[in-house]
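To start, the structure itself, in structure tokens.
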Amino acid sequence: MAGPTRDLAELELAELESALAPLDIEPYRAKQIYRWVHRHAVTDWGQMTDLSQRHREALANTFTISTPRVTARSRSSDGTTKFLLELADGRRIEAVYIPDSPAHTLCVSTQVGCAMQCTFCLTAKMGLERHLTAGEIVGHVRVLRSELQLLEQPINIVLMGMGEPLHNYKATMQALRMITCTHGAAVSPRRITLSTVGILPALSHLANESIMPNLAISLHGTTEEQRTLLLPINRRYPLSALLAACRTFPVKRRNRITFEYVLIRNVNDSPADARRLAGLLAGFRAKVNVIPLNAAPGIPYERPTAEQIDRFGRLLAEHHVIVSVRKSRGQDIRAACGQLVLESDRASPGQQLASFINPTVTANQVTEP
Ligand code: SF4
């Protein structure tokens with residue numbers, strides 16, 4: 001007899017309700033099942049104690065529940081922990097846990113690798129292997145909440161791990177609907193931040209979504225030329241058009257767009273850059289998150305000195321920009337995006353070389369929703 005074929009991890013609540021009808025299970029049971037899987041991270045049918053034996057058997061014969069598997073973790077002296085997770089097809093992604101008060105933060109992935117080719121990022125060197133499914137995005141959040149014993153605690157989620165969320169728009173939005181579902185993990189959209197390089201057609205779709213995460217824009221440059229050097233996607237969606245789109249983006253009351261700015265020595269860290277950045281953001285409800293680069297082998301850039309970092313932050317503040325300079329969390333475990341996967345791949349140099357010389361998708365092949 002063939003085993004279960006349908007993956008329950010991929011289903012939204014309404015889809016699960018419909019999928020129960022042929023099994024002669026009442027629709028309201030979907031909410032119970034959803035709570036077990038997505039709130040309590042229980043994927044063993046036998047532990048779903050408010051379901052009858054007949055229901056459990058019917059469910060077990062019909063559904064699998066794919067769950068990413070933690071295969072490695074490294075914990076920094078500051079508590080930041082980086083996880084390597086294996087998906088059902090053996091591909092690997094990473095996620096980072098940043099302990100903090102009042103809420104703990106999970107930095108999660110939306111793709112295996114990335115197509116955006118940002119020149120300061122190690123994940124970029126992998127190219128894009130594939131998009132994550134909605135179930136895989138939700139699944140690694142579920143696994144980490146369980147592993148870290150955060151099932152009962154409020155968490156923040158930042159879509160800043162591997163991948164560009166708006167390049168995997170459909171799955172990312174489905175994942176957000178599932179993560180925020182009140183019968184599941186019930187994470188408030190106010191606690192979710194989507195970080196993007198600014199794929200403009202997708203950004204305009206996002207502006208009309210019912211579930212609206214906080215928006216973080218990877219800016220990183222103050223002129224078209226400088227931003228194109230760091231983010232090749234800027235050729236297709238230039239800085240000027242991106243800022244115009246941000247001006248009309250529906251920012252929630254008492255909220256601001258975060259502009260991320262990776263600070264790189266002698267590239268974008270001059271006083272003129274700081275002044276230009278302040279000028280670009282004049283009139284925005286914005287805050288700037290300055291992220292001093294974590295230097296890494298294979299990345300052709302250096303971290304600015306502490307004085308340069310301080311000077312940049314102070315100049316922004318003097319120009320009335322709300323600014324925070326990110327603490328370097330997890331530096332001793334390489335918690336910057338992509339680093340764990342690549343280090344682990346050193347065990348298979350052929351594979352790693354292939355991903356360097358033959359990225360499967362380039363920034364020019366970006367698909368739009
Ligand atoms: S910085 Fe983000 S968008 Fe750019 S290549 Fe790395 S993972 Fe992709």
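Chain labels A, B, ... are given in the sequence in which chains occur in the structure tokens; within each chain residues are numbered consecutively from 1, and ligands are likewise numbered from 1 in the order shown.
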Within 7 Å of ligand 1, which residues of chain A come that close, and what is the closest atom pair and distance in Å for each? Count only C-alpha atoms and all ligand atoms and give it as a tab-separated table.
residue	atom	partner	partner_atom_place_in_ligand_line	distance
A:Cys114	CA	ligand 1	8 (Fe)	4.6
A:Ala115	CA	ligand 1	8 (Fe)	6.3
A:Met116	CA	ligand 1	5 (S)	4.5
A:Gln117	CA	ligand 1	5 (S)	4.6
A:Cys118	CA	ligand 1	5 (S)	4.3
A:Cys121	CA	ligand 1	6 (Fe)	4.6
A:Leu122	CA	ligand 1	6 (Fe)	6.6
A:Thr123	CA	ligand 1	6 (Fe)	5.1
A:Ala124	CA	ligand 1	5 (S)	4.0
A:Met160	CA	ligand 1	2 (Fe)	6.7
A:Gly161	CA	ligand 1	7 (S)	6.4
A:Met162	CA	ligand 1	7 (S)	4.6
A:Gly163	CA	ligand 1	7 (S)	4.4
A:Glu164	CA	ligand 1	3 (S)	4.7
A:Thr196	CA	ligand 1	3 (S)	6.7
A:Val197	CA	ligand 1	3 (S)	5.9
A:Leu231	CA	ligand 1	4 (Fe)	6.9
A:Cys337	CA	ligand 1	7 (S)	6.4
| request: Go through range 67-315 of chain A and collect every residue that DSSP, computed from the backbone, puts in strand (DSSP E); the answer should be as a ChimeraX atom specification. | output: /A:69-75,81-86,92-98,104-107,111-113,128-131,155-159,192-196,214-218,257-263,286-292
| Asp50 in chain A: which residues within 12 Å, counting only C-alpha atoms, same-chain residues fewer than 5 positions away excluded, as a list in words? |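 Result of the neighbour search: Arg29, Ala30, Lys31, Gln32, Ile33, Arg35, Trp36, Trp45, His55 and Arg56 of chain A.
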| request: Could you check how far CA of Ala41 in chain A sits from CA of Leu11 in chain A, in Å to one decimal? | output: 15.0 Å
| query | Which residues, written as a PyMOL selection string, have at least one atom at most 7 Å from Leu316 in chain A, with only C-alpha atoms counted and residues fewer than 6 positions away on the same chain left out? | reply | chain A and resi 274-275+278+323
| said: So the first atom is CA of Asn61 in chain A and the second is CA of Ala9 in chain A; what is the distance between them in Å, to one decimal place? | reply: 15.1 Å
| Surrounding residues of Arg190 in chain A excluding itself and chain neighbours under 6 positions, 9 Å, only C-alpha atoms, as a count of residues only | 4
| request: Work out how far CA of Ile291 in chain A is from CA of Arg326 in chain A, in Å to one decimal. | output: 5.2 Å
| query | Mind checking DSSP for range 3-233 of chain A and telling me the alpha helix (DSSP H) residues as a ChimeraX atom specification? | reply | /A:13-20,29-34,53-62,134-147,169-180,200-206,224-230
Just to be explicit: take each residue in the selection above, keep C-alpha atoms, and write the result as a PDB file, in the first residue's frame.
ATOM      1  CA  LEU A  13      -5.688  26.388   7.545  1.00  0.00           C
ATOM      2  CA  ALA A  14      -8.427  26.660   4.890  1.00  0.00           C
ATOM      3  CA  GLU A  15      -6.617  24.121   2.686  1.00  0.00           C
ATOM      4  CA  LEU A  16      -6.359  21.736   5.604  1.00  0.00           C
ATOM      5  CA  GLU A  17     -10.074  22.100   6.293  1.00  0.00           C
ATOM      6  CA  SER A  18     -10.834  21.113   2.690  1.00  0.00           C
ATOM      7  CA  ALA A  19      -8.345  18.245   2.802  1.00  0.00           C
ATOM      8  CA  LEU A  20     -10.137  16.753   5.822  1.00  0.00           C
ATOM      9  CA  ARG A  29     -10.644  19.637  13.592  1.00  0.00           C
ATOM     10  CA  ALA A  30      -8.289  21.513  11.256  1.00  0.00           C
ATOM     11  CA  LYS A  31      -7.809  24.154  13.959  1.00  0.00           C
ATOM     12  CA  GLN A  32      -6.895  21.483  16.520  1.00  0.00           C
ATOM     13  CA  ILE A  33      -4.377  19.938  14.131  1.00  0.00           C
ATOM     14  CA  TYR A  34      -2.985  23.348  13.235  1.00  0.00           C
ATOM     15  CA  GLN A  53      -7.899   6.999  17.241  1.00  0.00           C
ATOM     16  CA  ARG A  54      -9.825   6.818  13.953  1.00  0.00           C
ATOM     17  CA  HIS A  55      -8.883  10.388  13.085  1.00  0.00           C
ATOM     18  CA  ARG A  56      -5.225   9.865  13.924  1.00  0.00           C
ATOM     19  CA  GLU A  57      -5.040   6.750  11.773  1.00  0.00           C
ATOM     20  CA  ALA A  58      -6.770   8.452   8.843  1.00  0.00           C
ATOM     21  CA  LEU A  59      -4.419  11.443   9.143  1.00  0.00           C
ATOM     22  CA  ALA A  60      -1.321   9.255   9.402  1.00  0.00           C
ATOM     23  CA  ASN A  61      -2.378   7.350   6.284  1.00  0.00           C
ATOM     24  CA  THR A  62      -2.910  10.554   4.321  1.00  0.00           C
ATOM     25  CA  ALA A 134       6.182  27.985   2.477  1.00  0.00           C
ATOM     26  CA  GLY A 135       6.225  24.816   4.591  1.00  0.00           C
ATOM     27  CA  GLU A 136      10.028  24.910   4.783  1.00  0.00           C
ATOM     28  CA  ILE A 137      10.065  28.575   5.827  1.00  0.00           C
ATOM     29  CA  VAL A 138       7.414  27.949   8.495  1.00  0.00           C
ATOM     30  CA  GLY A 139       9.049  24.613   9.340  1.00  0.00           C
ATOM     31  CA  HIS A 140      12.417  25.990  10.331  1.00  0.00           C
ATOM     32  CA  VAL A 141      10.754  28.638  12.485  1.00  0.00           C
ATOM     33  CA  ARG A 142       8.779  25.827  14.152  1.00  0.00           C
ATOM     34  CA  VAL A 143      11.835  23.659  14.725  1.00  0.00           C
ATOM     35  CA  LEU A 144      13.861  26.495  16.218  1.00  0.00           C
ATOM     36  CA  ARG A 145      11.035  27.652  18.511  1.00  0.00           C
ATOM     37  CA  SER A 146      10.877  24.088  19.781  1.00  0.00           C
ATOM     38  CA  GLU A 147      14.663  23.565  20.048  1.00  0.00           C
ATOM     39  CA  TYR A 169       7.274  36.104  -3.145  1.00  0.00           C
ATOM     40  CA  LYS A 170       4.454  33.560  -3.230  1.00  0.00           C
ATOM     41  CA  ALA A 171       5.995  31.146  -0.735  1.00  0.00           C
ATOM     42  CA  THR A 172       7.135  33.973   1.543  1.00  0.00           C
ATOM     43  CA  MET A 173       3.657  35.483   1.715  1.00  0.00           C
ATOM     44  CA  GLN A 174       2.066  32.097   2.322  1.00  0.00           C
ATOM     45  CA  ALA A 175       4.585  31.493   5.096  1.00  0.00           C
ATOM     46  CA  LEU A 176       3.699  34.849   6.682  1.00  0.00           C
ATOM     47  CA  ARG A 177      -0.006  33.976   6.592  1.00  0.00           C
ATOM     48  CA  MET A 178       0.759  30.652   8.285  1.00  0.00           C
ATOM     49  CA  ILE A 179       3.140  32.059  10.915  1.00  0.00           C
ATOM     50  CA  THR A 180       0.683  34.802  11.874  1.00  0.00           C
ATOM     51  CA  LEU A 200      10.171  46.830  -7.207  1.00  0.00           C
ATOM     52  CA  PRO A 201       7.278  44.892  -8.808  1.00  0.00           C
ATOM     53  CA  ALA A 202       7.160  42.631  -5.754  1.00  0.00           C
ATOM     54  CA  LEU A 203       7.406  45.619  -3.414  1.00  0.00           C
ATOM     55  CA  SER A 204       4.296  47.103  -4.994  1.00  0.00           C
ATOM     56  CA  HIS A 205       2.470  43.779  -4.494  1.00  0.00           C
ATOM     57  CA  LEU A 206       3.596  43.793  -0.868  1.00  0.00           C
ATOM     58  CA  GLU A 224      23.711  54.743  -8.180  1.00  0.00           C
ATOM     59  CA  GLU A 225      27.307  53.815  -8.993  1.00  0.00           C
ATOM     60  CA  GLN A 226      28.219  52.877  -5.421  1.00  0.00           C
ATOM     61  CA  ARG A 227      25.043  50.867  -4.868  1.00  0.00           C
ATOM     62  CA  THR A 228      25.509  48.999  -8.163  1.00  0.00           C
ATOM     63  CA  LEU A 229      29.012  48.040  -7.042  1.00  0.00           C
ATOM     64  CA  LEU A 230      27.612  46.480  -3.862  1.00  0.00           C
TER      65      LEU A 230
END
| field | Selected residue, from A:Gln308, A:Val158, A:Phe120, A:Asn168, that lies nearest to Asn294 in chain A when counting only C-alpha atoms | value |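 Among the listed residues, the smallest separation from Asn294 in chain A belongs to A:Phe120.
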| message | as a VMD selection string, please: the residues near range 235-239 of chain A (cut-off 9 Å, only C-alpha atoms, same-chain neighbours under 3 positions excluded). | response | chain A and resid 198 to 200 219 221 to 224 227 to 228 231 to 232 242 to 244 363 to 364
